[in-house]
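final.cif follows (mmCIF, C-alpha atoms):
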```cif
data_structure
#
loop_
_atom_site.label_atom_id
_atom_site.label_comp_id
_atom_site.auth_asym_id
_atom_site.auth_seq_id
_atom_site.Cartn_x
_atom_site.Cartn_y
_atom_site.Cartn_z
CA MET A 5 141.41 100.22 147.05
CA LEU A 6 137.63 99.90 147.49
CA LYS A 7 137.07 103.13 145.60
CA ILE A 8 139.23 101.92 142.72
CA LEU A 9 137.30 98.65 142.50
CA LEU A 10 134.01 100.57 142.57
CA ILE A 11 135.16 102.82 139.73
CA ILE A 12 136.28 99.80 137.69
CA PHE A 13 132.94 98.11 138.29
CA LEU A 14 130.98 101.19 137.19
CA LEU A 15 133.13 101.57 134.07
CA ALA A 16 132.66 97.90 133.24
CA SER A 17 128.89 98.18 133.74
CA THR A 18 128.74 101.24 131.51
CA PHE A 19 130.79 99.45 128.88
CA CYS A 20 128.48 96.41 128.99
CA VAL A 21 125.39 98.58 128.72
CA SER A 22 126.87 100.47 125.79
CA GLN A 23 127.54 97.14 124.05
CA GLN A 24 123.90 96.03 124.27
CA LYS A 25 122.64 95.73 120.70
CA THR A 26 119.05 95.97 119.49
CA VAL A 27 117.32 94.48 116.46
CA TYR A 28 113.83 95.31 115.22
CA LEU A 29 111.81 92.46 113.72
CA GLY A 30 109.15 93.43 111.18
CA PHE A 31 106.70 91.19 109.35
CA ILE A 32 105.79 91.25 105.66
CA GLU A 33 103.25 88.48 105.35
CA GLY A 34 100.08 87.78 103.38
CA ASP A 35 98.96 90.05 100.55
CA ILE A 36 101.09 93.08 99.76
CA ASP A 37 98.59 95.93 99.90
CA LEU A 38 98.77 99.66 100.43
CA GLY A 39 97.94 99.24 104.11
CA LEU A 40 101.31 97.54 104.64
CA SER A 41 103.35 100.53 103.47
CA PRO A 42 102.68 102.84 106.49
CA TYR A 43 103.61 99.97 108.83
CA VAL A 44 106.98 99.37 107.13
CA SER A 45 107.68 103.11 107.09
CA ARG A 46 106.93 103.30 110.83
CA VAL A 47 109.25 100.37 111.59
CA ILE A 48 112.08 102.07 109.72
CA SER A 49 111.37 105.48 111.26
CA GLU A 50 111.37 104.11 114.82
CA ALA A 51 114.53 102.10 114.11
CA GLU A 52 116.34 105.20 112.90
CA LYS A 53 115.07 107.23 115.85
CA ASN A 54 116.32 104.64 118.35
CA ASN A 55 119.50 103.92 116.37
CA VAL A 56 119.06 100.14 116.41
CA ASP A 57 121.67 97.87 114.89
CA ALA A 58 119.52 96.19 112.25
CA ILE A 59 115.99 95.64 110.97
CA ILE A 60 115.01 92.11 110.02
CA PHE A 61 111.93 91.76 107.82
CA LYS A 62 110.46 88.29 108.01
CA ILE A 63 108.95 87.74 104.55
CA ASN A 64 106.35 85.17 103.57
CA THR A 65 104.12 86.36 100.71
CA PHE A 66 102.80 85.44 97.30
CA GLY A 67 102.86 89.14 96.33
CA GLY A 68 100.20 91.75 95.75
CA ARG A 69 99.94 95.33 94.51
CA VAL A 70 102.93 96.69 92.61
CA ASP A 71 102.36 100.27 93.81
CA ALA A 72 102.40 99.06 97.42
CA ALA A 73 105.59 97.06 96.80
CA THR A 74 107.35 100.06 95.24
CA GLN A 75 106.41 102.26 98.23
CA ILE A 76 107.83 99.64 100.60
CA LYS A 77 110.92 99.20 98.42
CA ASP A 78 111.58 102.96 98.42
CA ALA A 79 111.25 103.11 102.21
CA ILE A 80 113.68 100.21 102.72
CA LEU A 81 116.26 101.53 100.24
CA SER A 82 116.25 104.94 101.97
CA SER A 83 116.76 103.39 105.43
CA LYS A 84 119.85 104.48 107.36
CA ILE A 85 119.71 101.21 109.31
CA LYS A 86 120.97 97.89 107.98
CA THR A 87 118.03 95.94 106.54
CA VAL A 88 117.81 92.16 106.33
CA ALA A 89 115.24 90.08 104.44
CA PHE A 90 114.59 86.74 106.13
CA VAL A 91 112.62 84.84 103.47
CA ASN A 92 110.71 82.26 105.44
CA ASN A 93 108.92 80.06 102.85
CA ARG A 94 108.51 82.46 99.92
CA ALA A 95 109.02 85.93 98.45
CA ILE A 96 107.02 85.81 95.22
CA SER A 97 106.11 88.59 92.76
CA ALA A 98 105.93 91.91 94.65
CA GLY A 99 107.56 90.13 97.60
CA ALA A 100 110.66 89.50 95.45
CA LEU A 101 111.09 93.24 94.89
CA ILE A 102 110.79 93.90 98.63
CA ALA A 103 113.31 91.18 99.51
CA LEU A 104 115.70 92.47 96.86
CA SER A 105 115.60 95.96 98.40
CA CYS A 106 117.19 94.70 101.65
CA ILE A 107 120.97 94.82 102.03
CA THR A 108 121.22 91.21 103.28
CA ILE A 109 118.99 88.36 102.09
CA VAL A 110 118.73 85.22 104.21
CA MET A 111 116.56 82.32 103.06
CA ALA A 112 115.11 79.49 105.10
CA PRO A 113 115.65 75.98 103.69
CA GLY A 114 113.01 75.10 101.09
CA SER A 115 112.08 78.73 100.43
CA ASN A 116 111.70 80.29 96.99
CA PHE A 117 112.18 83.74 95.55
CA GLY A 118 111.14 85.29 92.21
CA ALA A 119 108.29 85.15 89.62
CA ALA A 120 107.85 88.92 89.59
CA THR A 121 106.08 89.42 86.27
CA VAL A 122 103.13 91.84 86.32
CA VAL A 123 99.68 90.27 86.01
CA ASP A 124 96.12 91.61 86.04
CA GLN A 125 93.25 90.78 88.37
CA THR A 126 92.68 87.45 86.62
CA GLY A 127 96.34 86.41 86.84
CA GLN A 128 97.02 87.03 83.15
CA LYS A 129 100.25 88.69 82.10
CA VAL A 130 99.82 92.35 81.13
CA GLY A 131 101.49 94.26 78.29
CA GLU A 132 105.12 95.13 77.65
CA LYS A 133 104.76 98.66 79.00
CA TYR A 134 104.14 97.33 82.51
CA GLN A 135 106.72 94.55 82.26
CA SER A 136 109.30 97.16 81.25
CA TYR A 137 108.47 99.20 84.35
CA MET A 138 108.81 96.18 86.63
CA ARG A 139 112.07 95.10 84.96
CA SER A 140 113.53 98.53 85.62
CA GLU A 141 112.41 98.39 89.29
CA MET A 142 114.00 94.98 89.78
CA ARG A 143 117.14 95.96 87.85
CA SER A 144 117.75 99.23 89.70
CA THR A 145 117.09 97.62 93.08
CA ALA A 146 119.47 94.74 92.36
CA GLU A 147 122.07 97.20 91.10
CA LYS A 148 121.76 99.28 94.27
CA ASN A 149 122.49 96.28 96.52
CA GLY A 150 125.07 94.58 94.32
CA ARG A 151 122.90 91.69 93.07
CA PRO A 152 122.98 90.22 89.54
CA THR A 153 120.74 92.48 87.46
CA ASP A 154 120.17 89.94 84.71
CA ILE A 155 118.66 87.40 87.12
CA ALA A 156 116.53 90.12 88.73
CA GLN A 157 115.13 91.02 85.29
CA ALA A 158 114.66 87.34 84.39
CA MET A 159 112.28 87.10 87.34
CA VAL A 160 110.03 89.49 85.38
CA ASP A 161 110.72 88.56 81.75
CA GLU A 162 111.03 84.95 80.58
CA ARG A 163 112.80 86.08 77.39
CA ILE A 164 115.95 86.81 79.38
CA VAL A 165 118.11 83.67 79.30
CA ILE A 166 120.26 82.75 82.29
CA PRO A 167 122.61 79.90 81.27
CA GLY A 168 122.09 76.86 83.45
CA LEU A 169 119.08 78.41 85.13
CA SER A 170 116.41 79.34 82.58
CA ASP A 171 115.73 79.40 78.86
CA SER A 172 113.52 81.81 76.91
CA THR A 173 110.25 80.12 77.94
CA GLN A 174 110.20 80.38 81.72
CA LEU A 175 110.43 82.96 84.46
CA VAL A 176 113.14 82.67 87.07
CA THR A 177 112.05 81.50 90.50
CA LEU A 178 114.96 80.52 92.70
CA THR A 179 115.12 77.94 95.44
CA SER A 180 117.15 78.82 98.50
CA GLU A 181 120.12 76.80 97.18
CA GLU A 182 119.92 78.46 93.75
CA ALA A 183 119.55 81.92 95.27
CA VAL A 184 122.79 81.52 97.21
CA LYS A 185 124.57 79.92 94.26
CA TYR A 186 123.70 82.79 91.93
CA LYS A 187 124.38 85.44 94.60
CA MET A 188 120.77 86.57 94.85
CA ALA A 189 120.85 85.61 98.55
CA ASP A 190 123.65 85.49 101.08
CA THR A 191 123.03 82.35 103.10
CA ILE A 192 120.53 79.67 104.12
CA ILE A 193 119.45 79.68 107.77
CA SER A 194 116.37 78.14 109.34
CA LYS A 195 116.08 79.94 112.69
CA LEU A 196 116.01 83.58 113.67
CA ASP A 197 118.60 83.02 116.42
CA ASP A 198 121.01 81.69 113.83
CA VAL A 199 120.29 84.71 111.61
CA LEU A 200 121.32 86.97 114.49
CA LYS A 201 124.55 85.01 114.95
CA TYR A 202 125.26 85.30 111.23
CA LEU A 203 124.86 89.07 111.56
CA ASN A 204 127.17 89.13 114.61
CA LEU A 205 124.18 90.15 116.72
CA GLY A 206 123.81 86.97 118.76
CA ASN A 207 123.31 88.79 122.05
CA ALA A 208 121.07 91.51 120.62
CA GLU A 209 117.68 92.29 122.07
CA VAL A 210 115.02 91.45 119.45
CA ILE A 211 111.96 93.68 119.53
CA ASP A 212 108.91 92.56 117.55
CA ILE A 213 107.22 95.49 115.83
CA ARG A 214 103.66 94.58 114.95
CA THR A 215 101.01 96.66 113.23
CA ASN A 216 99.17 98.98 115.62
CA TRP A 217 95.42 99.49 115.77
CA ALA A 218 95.51 102.58 113.55
CA GLU A 219 97.39 100.74 110.80
CA ASP A 220 95.00 97.80 111.11
CA VAL A 221 92.01 100.16 110.78
CA VAL A 222 93.47 101.88 107.72
CA ARG A 223 94.29 98.51 106.15
CA PHE A 224 90.72 97.36 106.89
CA LEU A 225 89.14 100.51 105.42
CA SER A 226 91.26 100.25 102.27
CA HIS A 227 89.90 96.80 101.41
CA PRO A 228 87.91 97.09 98.15
CA ILE A 229 84.73 95.65 99.71
CA ILE A 230 84.88 97.96 102.75
CA SER A 231 85.68 101.04 100.65
CA SER A 232 82.69 100.20 98.40
CA ILE A 233 80.43 99.98 101.47
CA LEU A 234 81.71 103.36 102.68
CA LEU A 235 80.95 104.87 99.28
CA MET A 236 77.48 103.34 99.29
CA ILE A 237 76.71 104.81 102.73
CA GLY A 238 78.14 108.17 101.63
CA PHE A 239 76.01 108.33 98.48
CA PHE A 240 72.93 107.16 100.38
CA GLY A 241 73.36 109.94 102.94
CA LEU A 242 73.79 112.63 100.27
CA LEU A 243 70.81 111.39 98.24
CA ALA A 244 68.63 111.24 101.34
CA GLU A 245 69.52 114.82 102.30
CA ILE A 246 68.88 116.10 98.77
CA LYS A 247 65.43 114.51 98.77
CA THR A 248 64.44 115.70 102.27
CA PRO A 249 64.41 119.16 103.86
CA GLY A 250 67.04 120.18 106.39
CA TRP A 251 69.87 118.00 107.60
CA GLY A 252 69.62 114.77 109.56
CA LEU A 253 71.14 111.43 110.48
CA PRO A 254 71.56 110.06 106.90
CA GLY A 255 73.61 113.07 105.85
CA THR A 256 75.79 112.88 108.95
CA ALA A 257 76.40 109.14 108.46
CA GLY A 258 77.19 109.77 104.79
CA LEU A 259 79.76 112.45 105.59
CA ILE A 260 81.42 110.23 108.22
CA ALA A 261 81.63 107.34 105.72
CA LEU A 262 83.13 109.55 103.02
CA ALA A 263 85.55 111.10 105.53
CA LEU A 264 86.75 107.59 106.44
CA PHE A 265 87.12 106.77 102.75
CA PHE A 266 89.17 109.87 101.97
CA GLY A 267 91.14 109.72 105.22
CA SER A 268 92.36 106.17 104.60
CA SER A 269 92.98 106.97 100.93
CA TYR A 270 95.09 110.00 101.87
CA ILE A 271 97.17 107.99 104.36
CA LEU A 272 97.76 105.31 101.73
CA GLN A 273 98.67 107.94 99.10
CA LEU A 274 95.64 107.06 96.97
CA ALA A 275 94.04 110.49 97.36
CA SER A 276 95.99 113.72 97.22
CA ILE A 277 95.04 117.06 98.75
CA ILE A 278 93.55 118.01 95.37
CA GLU A 279 90.94 115.23 95.49
CA ILE A 280 90.10 116.12 99.09
CA LEU A 281 89.64 119.81 98.21
CA MET A 282 87.43 118.83 95.25
CA PHE A 283 85.29 116.76 97.59
CA ILE A 284 85.00 119.55 100.21
CA VAL A 285 84.03 122.15 97.59
CA GLY A 286 81.48 119.73 96.15
CA ILE A 287 79.90 119.17 99.58
CA ILE A 288 79.75 122.94 100.18
CA LEU A 289 77.97 123.48 96.85
CA ILE A 290 75.46 120.73 97.65
CA ALA A 291 74.86 122.26 101.10
CA VAL A 292 74.26 125.68 99.51
CA GLU A 293 71.72 124.05 97.19
CA ILE A 294 69.94 122.36 100.10
CA PHE A 295 69.87 125.20 102.64
CA VAL A 296 70.10 128.44 100.65
CA LEU A 297 68.82 128.13 97.10
CA PRO A 298 65.34 126.86 96.26
CA GLY A 299 64.97 123.92 93.89
CA PHE A 300 68.00 122.20 92.40
CA GLY A 301 70.25 124.02 89.93
CA VAL A 302 73.83 124.68 88.85
CA PRO A 303 75.51 124.67 92.32
CA GLY A 304 73.97 121.31 93.18
CA ILE A 305 74.86 119.73 89.84
CA LEU A 306 78.41 121.11 89.99
CA GLY A 307 78.76 119.87 93.57
CA ILE A 308 77.69 116.34 92.61
CA ILE A 309 80.17 116.33 89.69
CA LEU A 310 83.03 117.41 91.97
CA VAL A 311 82.16 114.77 94.60
CA PHE A 312 81.99 112.00 91.99
CA ALA A 313 85.21 113.15 90.29
CA SER A 314 87.15 113.29 93.58
CA ILE A 315 86.03 109.77 94.50
CA PHE A 316 86.81 108.44 91.00
CA PHE A 317 90.36 109.83 91.04
CA SER A 318 90.87 108.42 94.54
CA LEU A 319 89.83 104.98 93.31
CA LEU A 320 92.44 105.22 90.57
CA GLY A 321 94.98 106.11 93.25
CA GLY A 322 98.74 105.93 92.82
CA ASP A 323 98.71 102.82 90.63
CA PRO A 324 101.60 103.19 88.13
CA PHE A 325 99.69 100.91 85.75
CA ILE A 326 96.62 103.05 85.06
CA ASN A 327 95.05 101.47 81.99
CA PHE A 328 91.65 100.60 80.60
CA GLU A 329 91.22 97.81 83.14
CA THR A 330 92.10 100.08 86.08
CA ILE A 331 89.67 102.74 84.88
CA SER A 332 86.98 100.13 84.27
CA LEU A 333 87.36 98.73 87.80
CA ALA A 334 87.08 102.24 89.28
CA ILE A 335 83.95 102.95 87.21
CA ILE A 336 82.40 99.61 88.20
CA GLN A 337 83.10 100.17 91.90
CA LEU A 338 81.67 103.71 91.74
CA THR A 339 78.60 102.59 89.78
CA ILE A 340 77.84 99.72 92.15
CA ALA A 341 78.03 102.08 95.12
CA ILE A 342 75.67 104.59 93.47
CA ILE A 343 73.14 101.95 92.41
CA ALA A 344 73.19 100.36 95.86
CA ALA A 345 72.60 103.77 97.47
CA ILE A 346 69.65 104.50 95.15
CA ILE A 347 68.13 101.09 95.94
CA MET A 348 68.53 101.76 99.68
CA VAL A 349 66.78 105.14 99.36
CA PHE A 350 63.94 103.52 97.38
CA LEU A 351 63.49 100.64 99.83
CA LEU A 352 63.52 102.92 102.86
CA ALA A 353 61.02 105.30 101.28
CA LYS A 354 58.72 102.40 100.41
CA TYR A 355 58.93 100.14 103.46
CA LEU A 356 60.15 102.24 106.41
CA PRO A 357 56.79 104.03 106.97
CA LYS A 358 55.12 100.60 107.31
CA THR A 359 57.36 99.39 110.13
CA SER A 360 56.26 99.43 113.78
CA ALA A 361 59.37 101.36 114.83
CA PHE A 362 58.62 104.15 112.36
CA SER A 363 54.94 104.35 113.43
CA LYS A 364 56.08 105.13 116.99
CA LEU A 365 57.98 108.17 115.74
CA VAL A 366 55.56 109.54 113.14
CA LEU A 367 51.77 110.03 113.30
CA SER A 368 50.47 107.52 110.76
CA GLU A 369 46.78 108.54 110.84
CA SER A 370 45.20 111.91 110.10
CA GLU A 371 43.08 113.51 112.79
CA LYS A 372 39.94 114.91 111.19
CA ALA A 373 37.46 117.41 112.60
CA ASP A 374 34.47 115.20 111.79
CA GLN A 375 36.00 112.57 114.08
CA GLY A 376 36.16 115.01 116.97
CA PHE A 377 39.78 116.12 116.57
CA VAL A 378 40.21 119.90 116.73
CA SER A 379 43.29 122.02 117.31
CA TYR A 380 41.26 124.67 119.23
CA PRO A 381 37.77 124.52 120.78
CA SER A 382 35.22 126.07 118.39
CA GLU A 383 32.85 128.77 119.75
CA THR A 384 29.87 127.82 117.54
CA SER A 385 27.52 128.33 120.49
CA LEU A 386 28.04 132.09 120.11
CA ILE A 387 26.31 132.25 116.74
CA GLY A 388 23.28 134.55 116.96
CA LYS A 389 24.19 136.08 120.28
CA THR A 390 24.62 139.82 120.78
CA GLY A 391 27.14 141.86 122.67
CA LYS A 392 29.06 145.15 122.75
CA ALA A 393 32.29 146.21 121.06
CA LEU A 394 34.84 147.17 123.70
CA THR A 395 37.44 148.43 121.22
CA VAL A 396 37.29 149.69 117.68
CA LEU A 397 36.89 146.70 115.36
CA ARG A 398 39.21 147.52 112.46
CA PRO A 399 38.36 144.78 111.61
CA ALA A 400 39.73 142.83 114.60
CA GLY A 401 39.20 143.84 118.18
CA ILE A 402 37.63 142.85 121.47
CA ALA A 403 33.94 142.48 122.23
CA GLU A 404 31.92 141.45 125.27
CA ILE A 405 29.37 138.67 124.78
CA ASP A 406 27.44 137.14 127.68
CA GLY A 407 29.76 138.89 130.11
CA LYS A 408 32.95 137.43 128.57
CA LYS A 409 35.58 139.07 126.40
CA TYR A 410 36.29 137.59 122.98
CA ASP A 411 38.65 138.37 120.10
CA VAL A 412 36.32 139.10 117.22
CA ILE A 413 36.51 140.26 113.62
CA ALA A 414 34.09 142.74 112.04
CA ASP A 415 32.45 141.61 108.82
CA ASN A 416 33.21 144.11 106.00
CA GLU A 417 33.02 147.23 108.17
CA TYR A 418 34.60 149.17 111.00
CA ILE A 419 32.68 149.19 114.27
CA GLU A 420 33.16 151.88 116.87
CA PRO A 421 33.52 151.07 120.60
CA GLY A 422 30.22 150.80 122.47
CA LYS A 423 28.23 149.68 119.41
CA VAL A 424 25.94 146.66 119.68
CA ILE A 425 27.20 143.67 117.71
CA LYS A 426 25.85 140.25 116.74
CA VAL A 427 27.78 137.03 116.06
CA ILE A 428 26.95 135.98 112.51
CA ARG A 429 29.33 133.03 112.11
CA VAL A 430 32.27 131.20 113.67
CA GLU A 431 35.17 129.95 111.48
CA GLY A 432 37.49 127.83 113.60
CA ILE A 433 38.88 130.26 116.15
CA LYS A 434 37.55 133.33 114.31
CA VAL A 435 34.34 134.89 115.70
CA VAL A 436 32.82 137.12 112.99
CA VAL A 437 30.41 139.87 114.06
CA SER A 438 28.39 142.65 112.49
CA GLU A 439 26.88 145.87 113.91
CA ILE A 440 23.22 145.95 114.84
CA LYS A 441 21.87 149.29 113.64
#
```

Structure rendered as structure tokens:
Amino acid sequence: MLKILLIIFLLASTFCVSQQKTVYLGFIEGDIDLGLSPYVSRVISEAEKNNVDAIIFKINTFGGRVDAATQIKDAILSSKIKTVAFVNNRAISAGALIALSCITIVMAPGSNFGAATVVDQTGQKVGEKYQSYMRSEMRSTAEKNGRPTDIAQAMVDERIVIPGLSDSTQLVTLTSEEAVKYKMADTIISKLDDVLKYLNLGNAEVIDIRTNWAEDVVRFLSHPIISSILLMIGFFGLLAEIKTPGWGLPGTAGLIALALFFGSSYILQLASIIEILMFIVGIILIAVEIFVLPGFGVPGILGIILVFASIFFSLLGGDPFINFETISLAIIQLTIAIIAAIIMVFLLAKYLPKTSAFSKLVLSESEKADQGFVSYPSETSLIGKTGKALTVLRPAGIAEIDGKKYDVIADNEYIEPGKVIKVIRVEGIKVVVSEIK
């Protein structure tokens, strides 16, 4: 009987363990930028690997980059795990597209959802070409998850009329009550625990998945100000190495800065392998110009062009809305970095030699012979003295003067060994002699 009870207990324990459910909790908050995409992809990848029961994305954002939002949307739509958007306060603009990509949408009371029209850096609405792209993204995403496509498009285009909700003069932005009423959201819940109960996952283990240090670093490096600083350091290092012989600290720092720029750009899908290869070839050509070829010619010029082109294309990145403004911003960012690097080179060349730290590393005063500085003791006291050639002077050889041996040079003639010689002048370390006949 005891064995039977033990077996029943073990089976019950196994059954209970097998019923333990797991939910991953991800966070989509603040600006939607390209640094957020690798994080969301990692959350989904780990969830699929561990076969969790659901992924809940807690969303609170005013929006951000459209290319970043589309990358996140694609990752969520391709997930094999059930995805849930928990809109806590707001899912505006690019955030609306991300929320719409989740299978289930839960909104906290007082939250809002919508206003997904495409705007430029100043907040002004851009042209129809870009609005059409965003409408299609919202429409296809809504269609995929069984949401009303007309309301999804009306969040982008105010010309789409939704009876009882909007006319032809305003974009659609839904409150939590309106979102549920028009089937753009499933329910209104204020607490995460209640969301789990709604999903029949009340006893599930909730695991918070936060960004790791690598994702934080990449997100930091991709910030426009930081990427501009990296470019400035990179250009400064290259310019300094071109203007000075050999290779030193500025060039090494410049390469590290540019490697960080391209590495973060590659991770964020801003730079492709083509841009990276262009940059590497450009650096090789510049190195050939510095170390192998004299002067500065075609390899150096071609190398600089390739480096600039690779950086320019990386600044354009994967933005689906490449237009005059995008190109202008890339040119401005590149120009500012170049000008700043040139100014740094000029300032260092002008003021660094005057600093006390630099004077400790470099001899700031010349050491002249008339001040008593000599590299080798001069033998001027030998002038006029006589001696004997010990070897053939042809013209250099060894002579004995006052019982000492000296390296001497014959003046305009060969002198045989044993001949009598006389010191006629001393030039630095050279003792010049002539034969006494």

Residue IDs satisfying the PyMOL selection byres ((chain A and resi 214-217) around 8), as an NGL selection string: :A and (30-31 or 43 or 212-213 or 218-221)

Resolved residues for the PyMOL selection byres ((chain A and resi 149-157) around 9) as a PyMOL selection string: chain A and resi 81+100-101+104-108+118+120+138-148+158-162+164-166+176+186-189

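Here the PyMOL selection byres ((chain A and resi 336-343) around 10) captures the residues Pro228, Ile229, Ser231, Ser232, Ile233, Leu234, Leu235, Met236, Ile237, Gly238, Phe239, Phe240, Leu243, Phe312, Ile315, Phe316, Leu319, Thr330, Ile331, Ser332, Leu333, Ala334, Ile335, Ala344, Ala345, Ile346, Ile347, Met348 and Val349 of chain A.
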
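Going from atom CA of A:Val91 over to atom CA of A:Asn116, you cover 8.0 Å.
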
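Computed from the coordinates, the atom CA of A:Leu200 to atom CA of A:Ile63 distance equals 15.9 Å.
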
Within-10 Å shell of (118.1, 78.9, 103.9) in input frame, all atoms listed in the file, as a list in words: Phe90, Val91, Asn92, Asn93, Ile109, Val110, Met111, Ala112, Pro113, Gly114, Ser115, Asn116, Thr179, Ser180, Glu181, Ala183, Val184, Ala189, Asp190, Thr191, Ile192, Ile193, Ser194, Lys195 and Val199 of chain A

Between atom CA of A:Val210 and atom CA of A:Asp197 - distance in Å to one decimal: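 Here the two named atoms are 9.6 Å from each other.
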
Best match for closeness to A:Ala353 among A:Ile280, A:Ala244, A:Ala58, A:Leu175, counting all atoms listed in the file: A:Ala244

Option closest in space to A:Ala98, from A:Ile36, A:Val123, A:Leu169, A:Val44 [counting all atoms listed in the file]: A:Ile36

Fill-in result for stretch 83-95 of chain A, N, CA and C atoms as a PDB file, keeping the file's coordinate frame:
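Dumped everything to out36.pdb:
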```pdb
ATOM      1  N   SER A  83     116.483 103.594 104.006  1.00  0.00           N
ATOM      2  CA  SER A  83     116.760 103.390 105.430  1.00  0.00           C
ATOM      3  C   SER A  83     118.234 103.625 105.747  1.00  0.00           C
ATOM      4  N   LYS A  84     118.480 104.271 106.878  1.00  0.00           N
ATOM      5  CA  LYS A  84     119.850 104.480 107.360  1.00  0.00           C
ATOM      6  C   LYS A  84     120.323 103.309 108.223  1.00  0.00           C
ATOM      7  N   ILE A  85     119.404 102.383 108.503  1.00  0.00           N
ATOM      8  CA  ILE A  85     119.710 101.210 109.310  1.00  0.00           C
ATOM      9  C   ILE A  85     119.879 100.004 108.387  1.00  0.00           C
ATOM     10  N   LYS A  86     120.768  99.099 108.770  1.00  0.00           N
ATOM     11  CA  LYS A  86     120.970  97.890 107.980  1.00  0.00           C
ATOM     12  C   LYS A  86     119.676  97.084 107.936  1.00  0.00           C
ATOM     13  N   THR A  87     119.267  96.697 106.716  1.00  0.00           N
ATOM     14  CA  THR A  87     118.030  95.940 106.540  1.00  0.00           C
ATOM     15  C   THR A  87     118.357  94.517 106.093  1.00  0.00           C
ATOM     16  N   VAL A  88     117.596  93.574 106.629  1.00  0.00           N
ATOM     17  CA  VAL A  88     117.810  92.160 106.330  1.00  0.00           C
ATOM     18  C   VAL A  88     116.471  91.538 105.959  1.00  0.00           C
ATOM     19  N   ALA A  89     116.426  90.829 104.836  1.00  0.00           N
ATOM     20  CA  ALA A  89     115.240  90.080 104.440  1.00  0.00           C
ATOM     21  C   ALA A  89     115.431  88.625 104.862  1.00  0.00           C
ATOM     22  N   PHE A  90     114.569  88.151 105.735  1.00  0.00           N
ATOM     23  CA  PHE A  90     114.590  86.740 106.130  1.00  0.00           C
ATOM     24  C   PHE A  90     113.415  86.068 105.445  1.00  0.00           C
ATOM     25  N   VAL A  91     113.677  85.457 104.279  1.00  0.00           N
ATOM     26  CA  VAL A  91     112.620  84.840 103.470  1.00  0.00           C
ATOM     27  C   VAL A  91     112.277  83.500 104.094  1.00  0.00           C
ATOM     28  N   ASN A  92     111.158  83.466 104.754  1.00  0.00           N
ATOM     29  CA  ASN A  92     110.710  82.260 105.440  1.00  0.00           C
ATOM     30  C   ASN A  92     109.545  81.671 104.643  1.00  0.00           C
ATOM     31  N   ASN A  93     109.835  80.753 103.762  1.00  0.00           N
ATOM     32  CA  ASN A  93     108.920  80.060 102.850  1.00  0.00           C
ATOM     33  C   ASN A  93     108.936  80.653 101.446  1.00  0.00           C
ATOM     34  N   ARG A  94     108.549  81.956 101.301  1.00  0.00           N
ATOM     35  CA  ARG A  94     108.510  82.460  99.920  1.00  0.00           C
ATOM     36  C   ARG A  94     108.525  83.989  99.883  1.00  0.00           C
ATOM     37  N   ALA A  95     109.090  84.504  98.776  1.00  0.00           N
ATOM     38  CA  ALA A  95     109.020  85.930  98.450  1.00  0.00           C
ATOM     39  C   ALA A  95     108.735  85.995  96.953  1.00  0.00           C
TER      40      ALA A  95
END
```
